[in-house]
file target_15.cif (mmCIF, C-alpha atoms, pLDDT in the B column; chains and numbers go by the auth columns)
data_my_file
#
loop_
_atom_site.group_PDB
_atom_site.id
_atom_site.type_symbol
_atom_site.label_atom_id
_atom_site.label_comp_id
_atom_site.label_asym_id
_atom_site.label_seq_id
_atom_site.Cartn_x
_atom_site.Cartn_y
_atom_site.Cartn_z
_atom_site.B_iso_or_equiv
_atom_site.auth_seq_id
_atom_site.auth_asym_id
ATOM 1 C CA THR A 1 -26.724 29.988 -53.774 56.00 1 A
ATOM 2 C CA LEU A 2 -30.088 31.707 -54.008 57.00 2 A
ATOM 3 C CA PHE A 3 -30.101 31.257 -57.796 60.00 3 A
ATOM 4 C CA ARG A 4 -29.614 27.503 -57.515 67.00 4 A
ATOM 5 C CA SER A 5 -32.301 27.239 -54.850 73.00 5 A
ATOM 6 C CA VAL A 6 -34.815 29.167 -56.953 81.00 6 A
ATOM 7 C CA GLN A 7 -34.026 27.095 -60.051 82.00 7 A
ATOM 8 C CA MET A 8 -34.428 23.901 -58.058 79.00 8 A
ATOM 9 C CA GLN A 9 -37.845 25.026 -56.840 83.00 9 A
ATOM 10 C CA LEU A 10 -38.809 25.878 -60.420 86.00 10 A
ATOM 11 C CA ALA A 11 -37.742 22.419 -61.588 87.00 11 A
ATOM 12 C CA ASP A 12 -39.866 20.924 -58.799 86.00 12 A
ATOM 13 C CA ILE A 13 -42.884 22.940 -59.882 90.00 13 A
ATOM 14 C CA TYR A 14 -42.544 21.813 -63.504 88.00 14 A
ATOM 15 C CA GLY A 15 -42.139 18.218 -62.314 87.00 15 A
ATOM 16 C CA ASN A 16 -45.263 18.455 -60.164 86.00 16 A
ATOM 17 C CA MET A 17 -47.216 19.961 -63.054 90.00 17 A
ATOM 18 C CA GLY A 18 -46.014 17.138 -65.290 88.00 18 A
ATOM 19 C CA SER A 19 -47.284 14.583 -62.780 87.00 19 A
ATOM 20 C CA LEU A 20 -50.664 16.306 -62.593 90.00 20 A
ATOM 21 C CA TYR A 21 -51.060 16.492 -66.363 88.00 21 A
ATOM 22 C CA SER A 22 -50.091 12.824 -66.576 86.00 22 A
ATOM 23 C CA LYS A 23 -52.820 11.870 -64.089 86.00 23 A
ATOM 24 C CA MET A 24 -55.237 13.958 -66.156 89.00 24 A
ATOM 25 C CA LYS A 25 -54.174 11.993 -69.273 88.00 25 A
ATOM 26 C CA ARG A 26 -52.911 15.208 -70.886 90.00 26 A
ATOM 27 C CA MET A 27 -49.689 13.560 -71.997 88.00 27 A
ATOM 28 C CA GLU A 28 -48.430 16.226 -74.390 90.00 28 A
ATOM 29 C CA GLU A 29 -48.575 18.869 -71.666 91.00 29 A
ATOM 30 C CA ALA A 30 -47.119 16.438 -69.140 91.00 30 A
ATOM 31 C CA GLU A 31 -44.125 15.756 -71.371 89.00 31 A
ATOM 32 C CA GLU A 32 -43.576 19.472 -71.942 92.00 32 A
ATOM 33 C CA LYS A 33 -43.407 20.148 -68.189 90.00 33 A
ATOM 34 C CA PHE A 34 -41.174 17.169 -67.477 89.00 34 A
ATOM 35 C CA ARG A 35 -38.785 18.286 -70.213 88.00 35 A
ATOM 36 C CA LYS A 36 -38.640 21.787 -68.748 90.00 36 A
ATOM 37 C CA SER A 37 -37.891 20.306 -65.344 91.00 37 A
ATOM 38 C CA LEU A 38 -35.134 18.111 -66.762 87.00 38 A
ATOM 39 C CA GLU A 39 -33.644 20.989 -68.743 89.00 39 A
ATOM 40 C CA ILE A 40 -33.257 23.074 -65.584 88.00 40 A
ATOM 41 C CA GLU A 41 -31.787 20.136 -63.673 85.00 41 A
ATOM 42 C CA GLU A 42 -29.263 19.365 -66.396 85.00 42 A
ATOM 43 C CA LYS A 43 -28.131 23.000 -66.524 86.00 43 A
ATOM 44 C CA LEU A 44 -27.718 23.060 -62.747 84.00 44 A
ATOM 45 C CA LEU A 45 -25.749 19.823 -62.864 82.00 45 A
ATOM 46 C CA GLU A 46 -23.444 21.303 -65.473 82.00 46 A
ATOM 47 C CA LYS A 47 -22.852 24.342 -63.276 78.00 47 A
ATOM 48 C CA GLN A 48 -22.190 22.071 -60.314 72.00 48 A
ATOM 49 C CA LYS A 49 -19.716 20.122 -62.414 71.00 49 A
ATOM 50 C CA ASN A 50 -17.799 23.294 -63.174 69.00 50 A
ATOM 51 C CA GLY A 51 -17.828 24.513 -59.544 61.00 51 A
ATOM 52 C CA ALA A 52 -14.591 24.913 -57.616 46.00 52 A
ATOM 53 C CA GLU A 53 -15.458 25.046 -53.909 47.00 53 A
ATOM 54 C CA GLU A 54 -12.787 23.789 -51.552 44.00 54 A
ATOM 55 C CA LYS A 55 -13.150 20.144 -50.545 50.00 55 A
ATOM 56 C CA GLY A 56 -14.220 19.569 -46.943 49.00 56 A
ATOM 57 C CA SER A 57 -15.583 23.064 -46.429 49.00 57 A
ATOM 58 C CA ASP A 58 -19.115 23.732 -45.187 48.00 58 A
ATOM 59 C CA VAL A 59 -19.906 25.186 -48.584 47.00 59 A
ATOM 60 C CA GLN A 60 -18.700 22.016 -50.272 53.00 60 A
ATOM 61 C CA ILE A 61 -20.807 19.831 -47.962 47.00 61 A
ATOM 62 C CA GLN A 62 -23.917 21.842 -48.835 55.00 62 A
ATOM 63 C CA ARG A 63 -22.960 21.678 -52.486 62.00 63 A
ATOM 64 C CA ASP A 64 -22.594 17.883 -52.344 63.00 64 A
ATOM 65 C CA LEU A 65 -26.010 17.490 -50.721 64.00 65 A
ATOM 66 C CA PHE A 66 -27.559 19.761 -53.333 70.00 66 A
ATOM 67 C CA ASN A 67 -25.795 17.810 -56.079 79.00 67 A
ATOM 68 C CA LEU A 68 -27.122 14.477 -54.831 83.00 68 A
ATOM 69 C CA GLU A 69 -30.686 15.743 -54.589 85.00 69 A
ATOM 70 C CA LEU A 70 -30.382 17.290 -58.041 87.00 70 A
ATOM 71 C CA ARG A 71 -29.121 14.074 -59.637 89.00 71 A
ATOM 72 C CA LYS A 72 -31.896 12.138 -57.889 91.00 72 A
ATOM 73 C CA LYS A 73 -34.573 14.427 -59.314 91.00 73 A
ATOM 74 C CA ALA A 74 -33.032 14.390 -62.793 92.00 74 A
ATOM 75 C CA ALA A 75 -32.874 10.577 -62.718 94.00 75 A
ATOM 76 C CA MET A 76 -36.549 10.358 -61.731 93.00 76 A
ATOM 77 C CA VAL A 77 -37.697 12.866 -64.354 93.00 77 A
ATOM 78 C CA SER A 78 -35.681 11.306 -67.189 94.00 78 A
ATOM 79 C CA ASN A 79 -37.099 7.879 -66.279 93.00 79 A
ATOM 80 C CA THR A 80 -40.630 9.308 -66.319 94.00 80 A
ATOM 81 C CA LEU A 81 -39.991 10.842 -69.740 94.00 81 A
ATOM 82 C CA GLY A 82 -38.772 7.447 -70.915 94.00 82 A
ATOM 83 C CA VAL A 83 -42.062 5.897 -69.827 92.00 83 A
ATOM 84 C CA LEU A 84 -44.084 8.612 -71.577 93.00 84 A
ATOM 85 C CA CYS A 85 -42.142 8.211 -74.818 93.00 85 A
ATOM 86 C CA LEU A 86 -42.361 4.426 -74.741 91.00 86 A
ATOM 87 C CA ASN A 87 -46.120 4.540 -74.167 90.00 87 A
ATOM 88 C CA GLN A 88 -46.317 6.501 -77.419 90.00 88 A
ATOM 89 C CA SER A 89 -44.099 3.962 -79.221 90.00 89 A
ATOM 90 C CA ARG A 90 -41.254 6.493 -79.505 91.00 90 A
ATOM 91 C CA ARG A 91 -38.608 3.944 -78.654 91.00 91 A
ATOM 92 C CA GLU A 92 -35.523 5.891 -79.682 91.00 92 A
ATOM 93 C CA GLU A 93 -36.530 8.856 -77.533 93.00 93 A
ATOM 94 C CA ALA A 94 -37.424 6.523 -74.677 94.00 94 A
ATOM 95 C CA GLU A 95 -34.028 4.847 -75.016 95.00 95 A
ATOM 96 C CA LYS A 96 -32.270 8.214 -74.762 94.00 96 A
ATOM 97 C CA MET A 97 -34.155 9.147 -71.594 95.00 97 A
ATOM 98 C CA TYR A 98 -33.644 5.746 -69.980 95.00 98 A
ATOM 99 C CA LEU A 99 -29.910 5.855 -70.745 96.00 99 A
ATOM 100 C CA LEU A 100 -29.648 9.224 -69.024 94.00 100 A
ATOM 101 C CA SER A 101 -31.605 7.955 -66.031 95.00 101 A
ATOM 102 C CA CYS A 102 -29.453 4.817 -65.901 96.00 102 A
ATOM 103 C CA GLU A 103 -26.261 6.875 -65.920 94.00 103 A
ATOM 104 C CA LEU A 104 -27.509 9.059 -63.079 94.00 104 A
ATOM 105 C CA TYR A 105 -28.807 6.187 -60.969 95.00 105 A
ATOM 106 C CA THR A 106 -25.568 4.243 -61.492 96.00 106 A
ATOM 107 C CA GLY A 107 -23.612 7.131 -59.998 94.00 107 A
ATOM 108 C CA LEU A 108 -26.093 7.520 -57.152 95.00 108 A
ATOM 109 C CA ALA A 109 -26.115 3.776 -56.392 95.00 109 A
ATOM 110 C CA ALA A 110 -22.331 3.864 -56.053 94.00 110 A
ATOM 111 C CA GLU A 111 -22.834 6.333 -53.188 92.00 111 A
ATOM 112 C CA LYS A 112 -26.043 5.015 -51.628 94.00 112 A
ATOM 113 C CA ALA A 113 -26.724 1.478 -52.803 94.00 113 A
ATOM 114 C CA ASP A 114 -29.665 0.737 -50.499 94.00 114 A
ATOM 115 C CA GLU A 115 -31.595 3.757 -51.726 94.00 115 A
ATOM 116 C CA PHE A 116 -30.729 3.838 -55.406 95.00 116 A
ATOM 117 C CA GLU A 117 -30.111 0.256 -56.555 96.00 117 A
ATOM 118 C CA PRO A 118 -33.863 -0.585 -56.734 96.00 118 A
ATOM 119 C CA PRO A 119 -34.702 2.320 -59.086 96.00 119 A
ATOM 120 C CA LEU A 120 -31.534 1.533 -61.062 97.00 120 A
ATOM 121 C CA ALA A 121 -32.821 -2.025 -61.503 96.00 121 A
ATOM 122 C CA MET A 122 -36.151 -0.696 -62.780 95.00 122 A
ATOM 123 C CA VAL A 123 -34.460 1.533 -65.365 96.00 123 A
ATOM 124 C CA CYS A 124 -32.159 -1.307 -66.482 96.00 124 A
ATOM 125 C CA PHE A 125 -35.222 -3.548 -66.814 95.00 125 A
ATOM 126 C CA ASN A 126 -36.939 -0.923 -68.971 94.00 126 A
ATOM 127 C CA LEU A 127 -33.840 -0.557 -71.158 94.00 127 A
ATOM 128 C CA GLY A 128 -33.530 -4.302 -71.562 93.00 128 A
ATOM 129 C CA ASN A 129 -37.148 -4.565 -72.662 91.00 129 A
ATOM 130 C CA ILE A 130 -36.712 -1.711 -75.139 93.00 130 A
ATOM 131 C CA TYR A 131 -33.759 -3.450 -76.775 93.00 131 A
ATOM 132 C CA ARG A 132 -35.617 -6.752 -76.820 89.00 132 A
ATOM 133 C CA GLY A 133 -38.506 -4.978 -78.546 88.00 133 A
ATOM 134 C CA MET A 134 -36.035 -3.574 -81.075 89.00 134 A
ATOM 135 C CA ASN A 135 -34.669 -7.100 -81.672 89.00 135 A
ATOM 136 C CA GLN A 136 -31.263 -6.181 -80.243 90.00 136 A
ATOM 137 C CA PRO A 137 -30.623 -8.979 -77.704 87.00 137 A
ATOM 138 C CA GLU A 138 -26.905 -8.170 -77.491 90.00 138 A
ATOM 139 C CA LYS A 139 -27.787 -4.722 -76.117 91.00 139 A
ATOM 140 C CA ALA A 140 -30.551 -6.052 -73.888 92.00 140 A
ATOM 141 C CA ALA A 141 -28.380 -8.704 -72.212 92.00 141 A
ATOM 142 C CA PRO A 142 -26.152 -6.527 -69.964 93.00 142 A
ATOM 143 C CA TYR A 143 -29.122 -4.530 -68.678 94.00 143 A
ATOM 144 C CA MET A 144 -31.127 -7.647 -67.952 93.00 144 A
ATOM 145 C CA GLU A 145 -28.123 -9.172 -66.181 94.00 145 A
ATOM 146 C CA LYS A 146 -27.707 -6.039 -64.082 94.00 146 A
ATOM 147 C CA THR A 147 -31.410 -6.115 -63.231 95.00 147 A
ATOM 148 C CA TRP A 148 -31.228 -9.770 -62.223 94.00 148 A
ATOM 149 C CA ASP A 149 -28.133 -9.228 -60.077 94.00 149 A
ATOM 150 C CA ILE A 150 -29.720 -6.365 -58.144 96.00 150 A
ATOM 151 C CA CYS A 151 -33.197 -7.858 -57.791 96.00 151 A
ATOM 152 C CA SER A 152 -32.064 -11.337 -56.798 93.00 152 A
ATOM 153 C CA ALA A 153 -29.966 -9.770 -54.027 94.00 153 A
ATOM 154 C CA ARG A 154 -32.625 -7.283 -52.875 95.00 154 A
ATOM 155 C CA ARG A 155 -35.916 -9.094 -53.426 94.00 155 A
ATOM 156 C CA ASP A 156 -36.395 -9.577 -49.677 94.00 156 A
ATOM 157 C CA SER A 157 -35.814 -5.909 -48.804 93.00 157 A
ATOM 158 C CA SER A 158 -37.336 -4.065 -51.785 95.00 158 A
ATOM 159 C CA GLN A 159 -40.867 -4.480 -53.124 94.00 159 A
ATOM 160 C CA VAL A 160 -39.787 -3.095 -56.499 93.00 160 A
ATOM 161 C CA CYS A 161 -36.996 -5.649 -56.747 96.00 161 A
ATOM 162 C CA LYS A 162 -39.293 -8.475 -55.655 95.00 162 A
ATOM 163 C CA GLN A 163 -41.830 -7.625 -58.362 94.00 163 A
ATOM 164 C CA ILE A 164 -39.166 -7.455 -61.068 94.00 164 A
ATOM 165 C CA TYR A 165 -37.486 -10.633 -59.836 93.00 165 A
ATOM 166 C CA ASP A 166 -40.783 -12.552 -59.808 94.00 166 A
ATOM 167 C CA SER A 167 -41.571 -11.305 -63.308 91.00 167 A
ATOM 168 C CA MET A 168 -38.162 -12.287 -64.685 90.00 168 A
ATOM 169 C CA ASN A 169 -38.197 -15.653 -62.914 90.00 169 A
ATOM 170 C CA LYS A 170 -41.635 -16.461 -64.327 90.00 170 A
ATOM 171 C CA ALA A 171 -40.463 -15.528 -67.826 86.00 171 A
ATOM 172 C CA LEU A 172 -37.381 -17.734 -67.470 81.00 172 A
ATOM 173 C CA GLN A 173 -39.485 -20.688 -66.307 85.00 173 A
ATOM 174 C CA GLU A 174 -41.893 -20.211 -69.216 85.00 174 A
ATOM 175 C CA ALA A 175 -38.992 -20.007 -71.676 76.00 175 A
ATOM 176 C CA SER A 176 -37.509 -23.218 -70.219 79.00 176 A
ATOM 177 C CA ARG A 177 -40.868 -24.979 -70.536 82.00 177 A
ATOM 178 C CA LYS A 178 -41.239 -23.941 -74.186 81.00 178 A
ATOM 179 C CA GLN A 179 -37.647 -24.940 -74.887 78.00 179 A
ATOM 180 C CA ALA A 180 -38.280 -28.388 -73.410 82.00 180 A
ATOM 181 C CA GLU A 181 -41.423 -28.754 -75.540 84.00 181 A
ATOM 182 C CA ILE A 182 -39.522 -27.897 -78.719 88.00 182 A
ATOM 183 C CA ALA A 183 -36.721 -30.274 -77.773 84.00 183 A
ATOM 184 C CA GLY A 184 -39.286 -33.035 -77.255 87.00 184 A
ATOM 185 C CA LEU A 185 -40.775 -32.413 -80.711 89.00 185 A
ATOM 186 C CA LEU A 186 -37.321 -32.486 -82.304 88.00 186 A
ATOM 187 C CA LYS A 187 -36.538 -35.754 -80.537 87.00 187 A
ATOM 188 C CA LYS A 188 -39.790 -37.239 -81.865 88.00 188 A
ATOM 189 C CA GLN A 189 -38.963 -35.928 -85.325 90.00 189 A
ATOM 190 C CA GLY A 190 -35.529 -37.542 -85.101 88.00 190 A
ATOM 191 C CA ARG A 191 -37.111 -40.890 -84.279 88.00 191 A
ATOM 192 C CA GLU A 192 -39.457 -40.583 -87.270 90.00 192 A
ATOM 193 C CA HIS A 193 -36.550 -39.774 -89.593 88.00 193 A
ATOM 194 C CA HIS A 194 -34.631 -42.732 -88.178 87.00 194 A
ATOM 195 C CA ASP A 195 -37.551 -45.130 -88.651 88.00 195 A
ATOM 196 C CA ASN A 196 -37.918 -43.995 -92.265 88.00 196 A
ATOM 197 C CA GLY A 197 -34.229 -44.371 -93.077 89.00 197 A
ATOM 198 C CA ARG A 198 -33.480 -40.627 -93.256 89.00 198 A
ATOM 199 C CA TYR A 199 -30.439 -40.929 -91.052 87.00 199 A
ATOM 200 C CA GLU A 200 -28.796 -37.574 -91.796 89.00 200 A
ATOM 201 C CA ASP A 201 -32.058 -35.769 -91.025 88.00 201 A
ATOM 202 C CA ALA A 202 -32.395 -37.840 -87.861 86.00 202 A
ATOM 203 C CA VAL A 203 -28.918 -36.811 -86.706 88.00 203 A
ATOM 204 C CA LYS A 204 -29.722 -33.138 -87.293 89.00 204 A
ATOM 205 C CA SER A 205 -32.964 -33.354 -85.319 87.00 205 A
ATOM 206 C CA TYR A 206 -31.274 -35.179 -82.451 85.00 206 A
ATOM 207 C CA GLN A 207 -28.439 -32.637 -82.380 86.00 207 A
ATOM 208 C CA GLN A 208 -30.892 -29.740 -82.204 84.00 208 A
ATOM 209 C CA ALA A 209 -32.851 -31.471 -79.445 82.00 209 A
ATOM 210 C CA ALA A 210 -29.657 -32.154 -77.488 84.00 210 A
ATOM 211 C CA GLN A 211 -28.594 -28.515 -77.749 78.00 211 A
ATOM 212 C CA LEU A 212 -31.942 -27.355 -76.358 71.00 212 A
ATOM 213 C CA TYR A 213 -31.907 -29.864 -73.509 70.00 213 A
ATOM 214 C CA ALA A 214 -28.309 -28.902 -72.646 71.00 214 A
ATOM 215 C CA GLY A 215 -29.081 -25.171 -72.788 56.00 215 A
#

call {"tool": "encode", "arguments": {"input": "target_15.cif", "output": "structure tokens"}}
result
Amino acid sequence: TLFRSVQMQLADIYGNMGSLYSKMKRMEEAEEKFRKSLEIEEKLLEKQKNGAEEKGSDVQIQRDLFNLELRKKAAMVSNTLGVLCLNQSRREEAEKMYLLSCELYTGLAAEKADEFEPPLAMVCFNLGNIYRGMNQPEKAAPYMEKTWDICSARRDSSQVCKQIYDSMNKALQEASRKQAEIAGLLKKQGREHHDNGRYEDAVKSYQQAAQLYAG
């Protein structure tokens, strides 16, 4: 409808203004415009959700195309708001925005994987890092796993996925190197305990070293 078209254009304008303010380092104004854009998009999505056009009709086809574009824009804006909030150390607000973006991109990726899996991976990566920063590894794990699954499969076809994959792979290699170093120190400690007759301490050190080498 004309109303939906006008509202969509208004959301675009607010989004463009938010981008401009962001480039001008006027972050408070940028966030205000992005939030206005997202508010309009969420209201339109709610109206779309409550629509009742007949399936298969020309009207429904147009509605589906509008819905996809609307969800795409809302996913992008909510992700941008997550970045803005995180840059200001507002982690809980950033988490909320990233979760919304992740939900939207997950639905979009189910329809168009080639287009929407790379941005979904980026949002999952951001969420995983937020939870790691909040010392919540159990929450971070599924998002990091999702990121790895997407990026390892798409690193040859998506620059975004390649960058994330390389970053995660480097971090894993560094973690493995540090783990091996610690295991080596524990092994040396075990030998020292053994040589000095502290057998129980030696067993503990060897067990810890073995666990690290095995992991």

call {"tool": "residues_around", "arguments": {"input": "target_15.cif", "residues": "Lys73 (chain A)", "least_positions_apart": "4", "cutoff": "10 Å", "atoms": "all atoms listed in the file", "output": "PyMOL selection string"}}
result
chain A and resi 8+11-12+15+37-38+41+67-69+77-79+101+104

call {"tool": "axis_aligned_box", "arguments": {"input": "target_15.cif", "around": "region 91-101 of chain A", "padding_each_side": "4 Å", "output": "lines of an AutoDock Vina configuration file"}}
result
center_x = -34.1
center_y = 6.6
center_z = -72.9
size_x = 17.0
size_y = 13.3
size_z = 21.7

call {"tool": "resolve_selection", "arguments": {"input": "target_15.cif", "expression": "the PyMOL selection byres ((chain A and resi 120-127) around 7)", "output": "PyMOL selection string"}}
result
chain A and resi 79+95+98+102+105-106+116-119+128-131+140+143-144+146-147+150-151

call {"tool": "resolve_selection", "arguments": {"input": "target_15.cif", "expression": "the PyMOL selection byres ((chain A and resi 187) around 10)", "output": "list in words"}}
result
Glu181, Ile182, Ala183, Gly184, Leu185, Leu186, Lys188, Gln189, Gly190, Arg191, Glu192, His193, Ala202, Val203, Lys204, Ser205, Tyr206, Gln207, Gln208, Ala209 and Ala210 of chain A

call {"tool": "write_last_selection", "arguments": {"input": "target_15.cif", "atoms": "C-alpha atoms", "output": "tab-separated table (two decimals), keeping the file's coordinate frame"}}
result
chain	number	residue	atom	x	y	z
A	181	GLU	CA	-41.42	-28.75	-75.54
A	182	ILE	CA	-39.52	-27.90	-78.72
A	183	ALA	CA	-36.72	-30.27	-77.77
A	184	GLY	CA	-39.29	-33.03	-77.26
A	185	LEU	CA	-40.78	-32.41	-80.71
A	186	LEU	CA	-37.32	-32.49	-82.30
A	188	LYS	CA	-39.79	-37.24	-81.86
A	189	GLN	CA	-38.96	-35.93	-85.32
A	190	GLY	CA	-35.53	-37.54	-85.10
A	191	ARG	CA	-37.11	-40.89	-84.28
A	192	GLU	CA	-39.46	-40.58	-87.27
A	193	HIS	CA	-36.55	-39.77	-89.59
A	202	ALA	CA	-32.40	-37.84	-87.86
A	203	VAL	CA	-28.92	-36.81	-86.71
A	204	LYS	CA	-29.72	-33.14	-87.29
A	205	SER	CA	-32.96	-33.35	-85.32
A	206	TYR	CA	-31.27	-35.18	-82.45
A	207	GLN	CA	-28.44	-32.64	-82.38
A	208	GLN	CA	-30.89	-29.74	-82.20
A	209	ALA	CA	-32.85	-31.47	-79.44
A	210	ALA	CA	-29.66	-32.15	-77.49

call {"tool": "atom_distance", "arguments": {"input": "target_15.cif", "atom1": "CA of Glu28 (chain A)", "atom2": "CA of Leu84 (chain A)"}}
result
9.2 Å

call {"tool": "atom_distance", "arguments": {"input": "target_15.cif", "atom1": "CA of Glu115 (chain A)", "atom2": "CA of Leu100 (chain A)"}}
result
18.2 Å

call {"tool": "residues_near_point", "arguments": {"input": "target_15.cif", "point": "(-41.1, 17.9, -67.3)", "cutoff": "10 Å", "atoms": "all atoms listed in the file", "output": "mmCIF file with C-alpha atoms, in the coordinates of the input"}}
result
data_model
loop_
_atom_site.group_PDB
_atom_site.id
_atom_site.type_symbol
_atom_site.label_atom_id
_atom_site.label_comp_id
_atom_site.auth_asym_id
_atom_site.auth_seq_id
_atom_site.Cartn_x
_atom_site.Cartn_y
_atom_site.Cartn_z
ATOM 1 C CA ALA A 11 -37.742 22.419 -61.588
ATOM 2 C CA ASP A 12 -39.866 20.924 -58.799
ATOM 3 C CA ILE A 13 -42.884 22.940 -59.882
ATOM 4 C CA TYR A 14 -42.544 21.813 -63.504
ATOM 5 C CA GLY A 15 -42.139 18.218 -62.314
ATOM 6 C CA ASN A 16 -45.263 18.455 -60.164
ATOM 7 C CA MET A 17 -47.216 19.961 -63.054
ATOM 8 C CA GLY A 18 -46.014 17.138 -65.290
ATOM 9 C CA SER A 19 -47.284 14.583 -62.780
ATOM 10 C CA GLU A 29 -48.575 18.869 -71.666
ATOM 11 C CA ALA A 30 -47.119 16.438 -69.140
ATOM 12 C CA GLU A 31 -44.125 15.756 -71.371
ATOM 13 C CA GLU A 32 -43.576 19.472 -71.942
ATOM 14 C CA LYS A 33 -43.407 20.148 -68.189
ATOM 15 C CA PHE A 34 -41.174 17.169 -67.477
ATOM 16 C CA ARG A 35 -38.785 18.286 -70.213
ATOM 17 C CA LYS A 36 -38.640 21.787 -68.748
ATOM 18 C CA SER A 37 -37.891 20.306 -65.344
ATOM 19 C CA LEU A 38 -35.134 18.111 -66.762
ATOM 20 C CA GLU A 39 -33.644 20.989 -68.743
ATOM 21 C CA ILE A 40 -33.257 23.074 -65.584
ATOM 22 C CA ALA A 74 -33.032 14.390 -62.793
ATOM 23 C CA VAL A 77 -37.697 12.866 -64.354
ATOM 24 C CA SER A 78 -35.681 11.306 -67.189
ATOM 25 C CA THR A 80 -40.630 9.308 -66.319
ATOM 26 C CA LEU A 81 -39.991 10.842 -69.740
#

call {"tool": "closest_residue", "arguments": {"input": "target_15.cif", "among": "A:Leu108, A:Asp195, A:Glu92, A:Ser176", "to": "Ala75 (chain A)", "atoms": "all atoms listed in the file"}}
result
A:Leu108

call {"tool": "atom_distance", "arguments": {"input": "target_15.cif", "atom1": "CA of Leu70 (chain A)", "atom2": "CA of Leu44 (chain A)"}}
result
7.9 Å

call {"tool": "decode", "arguments": {"input": "target_15.cif", "residues": "region 78-90 of chain A", "atoms": "N, CA, C and O atoms", "output": "tab-separated table (two decimals), in the first residue's frame"}}
result
chain	number	residue	atom	x	y	z
A	78	SER	N	19.48	-3.04	13.13
A	78	SER	CA	19.66	-3.55	14.50
A	78	SER	C	21.11	-3.97	14.74
A	78	SER	O	21.65	-3.77	15.83
A	79	ASN	N	21.76	-4.52	13.72
A	79	ASN	CA	23.18	-4.86	13.85
A	79	ASN	C	24.03	-3.60	14.03
A	79	ASN	O	24.94	-3.57	14.86
A	80	THR	N	23.72	-2.57	13.25
A	80	THR	CA	24.45	-1.30	13.38
A	80	THR	C	24.27	-0.70	14.76
A	80	THR	O	25.23	-0.20	15.36
A	81	LEU	N	23.05	-0.77	15.30
A	81	LEU	CA	22.81	-0.27	16.65
A	81	LEU	C	23.59	-1.08	17.67
A	81	LEU	O	24.09	-0.53	18.66
A	82	GLY	N	23.71	-2.38	17.43
A	82	GLY	CA	24.52	-3.22	18.32
A	82	GLY	C	25.96	-2.76	18.35
A	82	GLY	O	26.58	-2.68	19.41
A	83	VAL	N	26.51	-2.43	17.18
A	83	VAL	CA	27.88	-1.94	17.09
A	83	VAL	C	28.04	-0.63	17.85
A	83	VAL	O	29.00	-0.44	18.61
A	84	LEU	N	27.09	0.28	17.64
A	84	LEU	CA	27.15	1.59	18.32
A	84	LEU	C	27.11	1.42	19.83
A	84	LEU	O	27.89	2.06	20.56
A	85	CYS	N	26.22	0.57	20.32
A	85	CYS	CA	26.10	0.37	21.76
A	85	CYS	C	27.36	-0.29	22.32
A	85	CYS	O	27.84	0.10	23.40
A	86	LEU	N	27.89	-1.26	21.61
A	86	LEU	CA	29.08	-1.95	22.09
A	86	LEU	C	30.28	-1.01	22.14
A	86	LEU	O	31.09	-1.08	23.07
A	87	ASN	N	30.39	-0.13	21.16
A	87	ASN	CA	31.50	0.83	21.14
A	87	ASN	C	31.44	1.80	22.31
A	87	ASN	O	32.44	2.43	22.65
A	88	GLN	N	30.25	1.89	22.93
A	88	GLN	CA	30.09	2.74	24.11
A	88	GLN	C	30.03	1.90	25.39
A	88	GLN	O	29.61	2.39	26.43
A	89	SER	N	30.45	0.63	25.27
A	89	SER	CA	30.49	-0.30	26.40
A	89	SER	C	29.12	-0.55	27.02
A	89	SER	O	29.01	-0.88	28.20
A	90	ARG	N	28.07	-0.42	26.22
A	90	ARG	CA	26.70	-0.72	26.67
A	90	ARG	C	26.35	-2.13	26.19
A	90	ARG	O	25.62	-2.32	25.24
